[in-house]
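Pasting start.cif here (mmCIF, C-alpha atoms):
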```cif
data_query
loop_
_atom_site.label_atom_id
_atom_site.label_comp_id
_atom_site.auth_asym_id
_atom_site.auth_seq_id
_atom_site.Cartn_x
_atom_site.Cartn_y
_atom_site.Cartn_z
CA MET A 1 7.19 14.99 -1.91
CA ASP A 2 10.38 13.00 -1.66
CA HIS A 3 9.74 9.87 0.32
CA ASN A 4 11.28 6.43 0.21
CA MET A 5 9.84 3.81 2.52
CA SER A 6 12.10 1.04 1.34
CA ALA A 7 15.52 2.44 2.20
CA THR A 8 16.99 1.79 5.63
CA PRO A 9 14.51 3.48 8.00
CA THR A 10 15.78 6.01 10.49
CA GLY A 11 14.38 6.88 13.87
CA VAL A 12 11.66 4.23 13.90
CA ILE A 13 10.08 3.99 17.34
CA PRO A 14 9.67 0.33 18.40
CA THR A 15 6.01 -0.60 18.88
CA LYS A 16 3.71 -3.49 19.72
CA SER A 17 0.11 -4.02 18.67
CA ASP A 18 -2.99 -5.79 19.96
CA TRP A 19 -5.64 -6.52 17.33
CA LYS A 20 -9.27 -7.26 18.13
CA ILE A 21 -11.70 -8.87 15.70
CA GLN A 22 -14.78 -11.02 16.23
CA ASP A 23 -14.49 -14.81 16.23
CA HIS A 24 -15.16 -16.52 12.89
CA PRO A 25 -15.63 -13.37 10.76
CA ASN A 26 -17.51 -14.00 7.52
CA ALA A 27 -16.88 -12.80 3.99
CA ASN A 28 -19.09 -10.01 2.61
CA GLU A 29 -20.12 -8.81 6.06
CA LYS A 30 -19.16 -5.55 7.72
CA ILE A 31 -16.60 -6.42 10.37
CA PRO A 32 -15.43 -3.99 13.08
CA ILE A 33 -11.71 -4.25 13.84
CA SER A 34 -9.60 -2.34 16.37
CA LEU A 35 -5.93 -2.23 17.15
CA LEU A 36 -4.03 -0.84 20.10
CA ILE A 37 -0.57 0.60 19.47
CA MET A 38 1.80 0.28 22.44
CA ASP A 39 5.42 0.98 23.27
CA GLN A 40 7.86 -1.73 24.31
CA SER A 41 6.62 -1.43 27.93
CA ASN A 42 3.06 -2.23 26.81
CA LYS A 43 1.91 1.32 27.48
CA PRO A 44 -0.47 2.84 24.89
CA ILE A 45 1.19 5.42 22.67
CA GLN A 46 -0.76 8.65 22.98
CA SER A 47 0.33 10.89 20.10
CA PHE A 48 0.81 10.20 16.40
CA ASP A 49 1.98 12.43 13.57
CA THR A 50 -0.29 13.11 10.62
CA VAL A 51 1.50 11.70 7.57
CA HIS A 52 0.00 12.22 4.12
CA GLU A 53 -3.14 13.62 5.73
CA LYS A 54 -3.78 10.61 8.00
CA LYS A 55 -2.57 9.27 11.36
CA MET A 56 -2.67 5.71 10.05
CA HIS A 57 -2.58 4.08 6.63
CA LEU A 58 -3.79 0.49 6.59
CA PHE A 59 -3.44 -1.95 3.72
CA ILE A 60 -5.32 -5.23 3.35
CA VAL A 61 -4.05 -7.90 0.96
CA SER A 62 -5.22 -11.44 0.43
CA LYS A 63 -2.62 -14.18 0.78
CA ASP A 64 -2.53 -14.66 -3.00
CA LEU A 65 -2.28 -10.85 -3.47
CA ALA A 66 -5.39 -10.84 -5.66
CA TYR A 67 -7.19 -8.44 -3.31
CA PHE A 68 -5.89 -5.02 -2.20
CA SER A 69 -7.43 -2.25 -0.12
CA HIS A 70 -6.05 1.01 1.30
CA ILE A 71 -8.05 2.49 4.18
CA HIS A 72 -7.55 4.87 7.10
CA PRO A 73 -8.60 3.78 10.60
CA LYS A 74 -9.95 6.42 12.96
CA TYR A 75 -7.90 7.36 16.00
CA LYS A 76 -10.01 7.08 19.16
CA GLY A 77 -7.25 8.15 21.56
CA ASN A 78 -5.16 6.28 24.13
CA GLY A 79 -3.36 4.36 21.38
CA GLU A 80 -6.50 2.81 19.85
CA PHE A 81 -7.56 2.90 16.22
CA ASP A 82 -10.69 1.31 14.79
CA PHE A 83 -12.32 0.71 11.42
CA THR A 84 -15.01 -1.37 9.77
CA THR A 85 -14.39 -3.28 6.58
CA SER A 86 -15.54 -6.30 4.60
CA PHE A 87 -13.66 -9.04 2.83
CA PRO A 88 -14.73 -10.27 -0.63
CA ALA A 89 -14.17 -14.00 -0.06
CA GLY A 90 -13.05 -16.53 2.49
CA GLY A 91 -9.37 -17.05 3.10
CA ASN A 92 -6.37 -15.46 4.78
CA TYR A 93 -5.72 -11.74 4.64
CA LYS A 94 -2.82 -9.66 5.88
CA LEU A 95 -3.53 -6.33 7.56
CA ILE A 96 -0.60 -3.90 7.50
CA SER A 97 -0.80 -0.73 9.58
CA GLU A 98 1.63 2.14 9.12
CA PHE A 99 1.85 5.06 11.55
CA THR A 100 4.38 7.43 13.07
CA PRO A 101 4.41 7.93 16.85
CA LYS A 102 5.16 11.53 17.76
CA GLY A 103 8.91 12.04 17.56
CA GLY A 104 9.54 9.17 15.16
CA GLY A 105 11.64 9.73 12.06
CA ASP A 106 10.09 7.09 9.82
CA PRO A 107 6.79 5.23 10.17
CA SER A 108 6.43 2.14 12.33
CA VAL A 109 4.64 -0.89 10.86
CA GLU A 110 2.49 -3.51 12.59
CA ASN A 111 0.75 -6.34 10.77
CA HIS A 112 -1.74 -9.07 11.52
CA TRP A 113 -3.17 -12.08 9.66
CA VAL A 114 -6.91 -12.78 9.79
CA GLN A 115 -8.81 -15.81 8.56
CA ILE A 116 -12.17 -15.08 6.97
CA GLU A 117 -14.90 -17.71 6.80
CA GLY A 118 -16.74 -18.37 3.54
CA ASP A 119 -16.13 -19.60 0.02
CA ALA A 120 -12.62 -18.85 -1.13
CA ALA A 121 -11.97 -17.02 -4.37
CA GLU A 122 -10.62 -19.07 -7.23
CA GLY A 123 -6.86 -19.10 -6.79
CA LYS A 124 -4.75 -17.57 -9.53
CA PRO A 125 -0.98 -18.00 -9.75
CA LEU A 126 1.08 -14.84 -9.42
CA VAL A 127 2.70 -14.57 -12.85
CA PRO A 128 4.83 -11.60 -13.95
CA ASP A 129 3.13 -9.40 -16.55
CA GLN A 130 4.57 -9.83 -20.02
CA LYS A 131 3.52 -6.30 -20.91
CA LEU A 132 3.67 -3.50 -18.36
CA THR A 133 0.70 -1.57 -19.74
CA LYS A 134 -2.77 -1.73 -18.20
CA VAL A 135 -6.11 -0.04 -18.82
CA VAL A 136 -8.03 0.91 -15.66
CA ASP A 137 -11.06 3.21 -15.40
CA GLY A 138 -10.48 4.69 -18.84
CA LYS A 139 -6.78 5.32 -18.16
CA GLN A 140 -3.89 3.63 -19.93
CA VAL A 141 -1.02 3.21 -17.48
CA LYS A 142 2.47 2.20 -18.53
CA LEU A 143 5.02 1.10 -15.94
CA SER A 144 8.76 1.36 -16.63
CA PHE A 145 11.99 1.09 -14.65
CA ASP A 146 15.47 2.48 -15.10
CA GLN A 147 16.76 -0.91 -13.90
CA MET A 148 15.38 -3.90 -12.00
CA MET A 149 17.98 -5.19 -9.54
CA ALA A 150 17.41 -6.10 -5.92
CA GLY A 151 19.26 -4.07 -3.31
CA MET A 152 19.79 -1.15 -5.70
CA THR A 153 17.95 2.16 -6.03
CA VAL A 154 15.21 1.80 -8.63
CA HIS A 155 13.26 4.55 -10.36
CA MET A 156 9.75 3.32 -11.07
CA ASN A 157 7.75 5.39 -13.58
CA PHE A 158 3.98 5.35 -14.10
CA THR A 159 2.96 7.14 -17.32
CA ILE A 160 -0.76 7.83 -17.59
CA SER A 161 -2.80 8.66 -20.67
CA ASP A 162 -6.41 8.57 -21.84
CA ALA A 163 -7.22 5.02 -22.97
CA LYS A 164 -9.41 6.21 -25.87
CA ASN A 165 -7.43 8.99 -27.49
CA HIS A 166 -4.01 8.19 -25.94
CA GLN A 167 -3.50 11.82 -24.95
CA PRO A 168 -1.18 12.27 -21.95
CA ILE A 169 -3.01 13.13 -18.76
CA LYS A 170 -1.37 16.22 -17.30
CA ASN A 171 -3.96 17.15 -14.68
CA LEU A 172 -3.65 14.42 -12.08
CA GLN A 173 -4.83 15.55 -8.67
CA PRO A 174 -3.02 15.08 -5.35
CA TYR A 175 -4.13 11.97 -3.47
CA LEU A 176 -3.49 12.12 0.27
CA GLY A 177 -0.96 14.88 -0.14
CA ALA A 178 1.05 13.35 -3.01
CA MET A 179 0.74 12.82 -6.76
CA GLY A 180 0.32 9.12 -6.10
CA HIS A 181 1.02 6.23 -3.78
CA ALA A 182 2.49 2.83 -4.53
CA VAL A 183 2.58 -0.37 -2.50
CA ALA A 184 4.72 -3.38 -3.40
CA MET A 185 4.47 -6.85 -1.82
CA SER A 186 6.66 -9.89 -2.34
CA SER A 187 4.90 -13.02 -3.56
CA ASP A 188 4.91 -14.54 -0.05
CA ALA A 189 3.37 -11.31 1.38
CA GLU A 190 6.34 -10.90 3.73
CA LYS A 191 8.20 -7.98 2.12
CA TYR A 192 6.21 -4.74 2.10
CA LEU A 193 7.06 -1.36 0.57
CA HIS A 194 4.91 1.78 0.76
CA ILE A 195 6.41 4.28 -1.62
CA HIS A 196 5.62 7.93 -2.25
CA PRO A 197 6.59 9.74 -5.44
CA MET A 198 9.60 11.94 -5.98
CA THR A 199 9.03 15.65 -6.45
CA THR A 200 8.16 16.36 -10.07
CA GLU A 201 7.10 19.38 -12.05
CA GLY A 202 3.51 19.39 -13.23
CA ASN A 203 0.70 16.93 -12.54
CA GLY A 204 1.52 14.14 -14.97
CA PRO A 205 1.60 12.35 -17.24
CA THR A 206 4.57 10.61 -15.54
CA VAL A 207 4.85 10.02 -11.80
CA THR A 208 8.21 8.65 -10.62
CA PHE A 209 8.83 6.68 -7.45
CA MET A 210 12.22 5.77 -6.01
CA THR A 211 12.58 2.55 -4.05
CA ILE A 212 14.78 -0.44 -3.26
CA PHE A 213 13.48 -3.98 -3.62
CA PRO A 214 15.12 -5.83 -0.69
CA GLU A 215 15.67 -9.14 -2.48
CA LYS A 216 15.06 -10.74 -5.84
CA GLY A 217 11.75 -12.44 -6.57
CA ILE A 218 8.24 -11.73 -7.77
CA TYR A 219 6.45 -8.64 -6.47
CA LYS A 220 3.00 -7.22 -6.99
CA ILE A 221 2.74 -3.45 -7.22
CA TRP A 222 -0.38 -1.32 -6.82
CA GLY A 223 -0.16 2.29 -8.02
CA GLN A 224 -2.85 4.68 -6.81
CA PHE A 225 -3.64 8.02 -8.46
CA GLN A 226 -6.47 10.54 -8.60
CA HIS A 227 -8.05 12.14 -11.65
CA ASP A 228 -11.32 14.05 -11.98
CA GLY A 229 -11.98 13.47 -8.29
CA LYS A 230 -11.76 9.69 -8.54
CA VAL A 231 -8.99 7.47 -7.16
CA PHE A 232 -7.97 4.57 -9.42
CA THR A 233 -5.70 1.66 -8.59
CA VAL A 234 -3.57 -0.12 -11.17
CA PRO A 235 -1.82 -3.45 -10.38
CA PHE A 236 1.32 -4.91 -11.95
CA VAL A 237 3.28 -8.09 -11.29
CA ILE A 238 7.03 -7.88 -11.87
CA ASP A 239 10.06 -10.14 -11.52
CA ILE A 240 13.15 -8.73 -9.83
CA SER A 241 15.45 -11.49 -11.03
CA LYS A 242 18.91 -10.08 -10.32
#
```
So, in terms of structure tokens, how does the structure I just supplied come out?
Amino acid sequence: MDHNMSATPTGVIPTKSDWKIQDHPNANEKIPISLLIMDQSNKPIQSFDTVHEKKMHLFIVSKDLAYFSHIHPKYKGNGEFDFTTSFPAGGNYKLISEFTPKGGGDPSVENHWVQIEGDAAEGKPLVPDQKLTKVVDGKQVKLSFDQMMAGMTVHMNFTISDAKNHQPIKNLQPYLGAMGHAVAMSSDAEKYLHIHPMTTEGNGPTVTFMTIFPEKGIYKIWGQFQHDGKVFTVPFVIDISK
């Protein structure tokens, strides 16, 4: 499915959000969270399109981008979504919700920072990977680009093989209606891209995404794919220096 979340969006319906979470939430505890999606007149939006099999995609990232989660809140009606999640350590986390009100051309995005009580994880600097090859869950994943310039269309290729025998994996399974999903965040967690793959023949071994990085800097990318019924997530840190 051709989809590019990073180009200039068209037909985005302006929204507001009201997030509810308990006071002083603690790490490693199940925490219920709800959010109300409203229009510019503060009226709850009633109808949402189903996009990639869900009415809302929600991403959680820690401030240092060490932690990443992709979940799908349940729509309760009258503009309200809710979910329960836990956070692995104390610190600040950004919650990014993506949804399309009925009649919208591209998804709307609302985000919210939460502070979680508890011991913080040991901080690690965000350093670009010297080698864009990772092994995750028995898969070897290589990331490549046709070019790496900000403000220009970029083709981002994930090539997946078996980590033991290095045979190309050609039987990837659709994950949420696509051959993969990718999220990219700038190092300050302000720039966010949710990218879906271009239409390709076959189910691997290469899945290509098209995107535009809005400005130069360091970004962390999480690619998500499904194989043998299991979703795996592979992270990379890159430097868009031009």
Check: Any chance you could work out the residue set of the PyMOL selection byres ((chain A and resi 152) around 10) here, as a VMD selection string?
Finding: chain A and resid 7 147 to 151 153 to 155 211 to 215
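With all atoms listed in the file as the atoms that count, the residue of A:Val141, A:Ile160, A:Val114, A:Ile37 with the shortest distance to A:Ser86 is A:Val114.
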Quick one: which residues end up in the PyMOL selection byres ((chain A and resi 120) around 7) for this structure, as a CSV table (one decimal) with C-alpha atoms, in the coordinates of the input?
```csv
chain,number,residue,atom,x,y,z
A,89,ALA,CA,-14.2,-14.0,-0.1
A,90,GLY,CA,-13.0,-16.5,2.5
A,91,GLY,CA,-9.4,-17.0,3.1
A,118,GLY,CA,-16.7,-18.4,3.5
A,119,ASP,CA,-16.1,-19.6,0.0
A,121,ALA,CA,-12.0,-17.0,-4.4
A,122,GLU,CA,-10.6,-19.1,-7.2
```
Selected by the PyMOL selection byres ((chain A and resi 188) around 10) in the shown coordinates: which residues, as an mmCIF file with C-alpha atoms, in the coordinates of the input?
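The resulting file, part04.cif, is shown below:
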```
data_model
loop_
_atom_site.group_PDB
_atom_site.id
_atom_site.type_symbol
_atom_site.label_atom_id
_atom_site.label_comp_id
_atom_site.auth_asym_id
_atom_site.auth_seq_id
_atom_site.Cartn_x
_atom_site.Cartn_y
_atom_site.Cartn_z
ATOM 1 C CA LYS A 63 -2.620 -14.180 0.780
ATOM 2 C CA ASP A 64 -2.530 -14.660 -3.000
ATOM 3 C CA LEU A 65 -2.280 -10.850 -3.470
ATOM 4 C CA MET A 185 4.470 -6.850 -1.820
ATOM 5 C CA SER A 186 6.660 -9.890 -2.340
ATOM 6 C CA SER A 187 4.900 -13.020 -3.560
ATOM 7 C CA ALA A 189 3.370 -11.310 1.380
ATOM 8 C CA GLU A 190 6.340 -10.900 3.730
ATOM 9 C CA LYS A 191 8.200 -7.980 2.120
ATOM 10 C CA GLY A 217 11.750 -12.440 -6.570
ATOM 11 C CA ILE A 218 8.240 -11.730 -7.770
ATOM 12 C CA TYR A 219 6.450 -8.640 -6.470
#
```
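One distance worth recording is that between atom CA of A:Tyr175 and atom CA of A:Leu36, which is 26.8 Å.
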Hey, which bits of stretch 108-192 of chain A sit within 8 Å of stretch 40-61 of chain A, and for each residue what's the closest pair of atoms and how far apart in Å (one decimal), counting all atoms listed in the file, rows by chain and increasing number, as CSV?
```
residue,atom,partner,partner_atom,distance
A:Leu176,CA,A:His52,CA,5.2
A:Gly177,CA,A:His52,CA,5.1
A:Ala178,CA,A:His52,CA,7.3
```
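Among the candidates A:Thr85, A:Ser97, A:Thr200, A:Ser144, the one nearest to A:Gly180 when counting all atoms listed in the file is A:Thr200.
In terms of minimum interatomic distance to A:Phe158, A:Pro235 ranks closest within A:Gly11, A:Pro174, A:Pro73, A:Pro235, counting all atoms listed in the file.
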How big is the axis-aligned box around all listed atoms of stretch 187-194 of chain A once 4 Å goes on each side, and where's its centre, in Å to one decimal, as AutoDock Vina command-line options?
```
--center_x 5.8 --center_y -6.4 --center_z 0.1 --size_x 12.8 --size_y 24.3 --size_z 15.3
```
Check: In Å to one decimal, how far is atom CA of A:Thr206 from atom CA of A:Lys170?
Finding: 8.4 Å
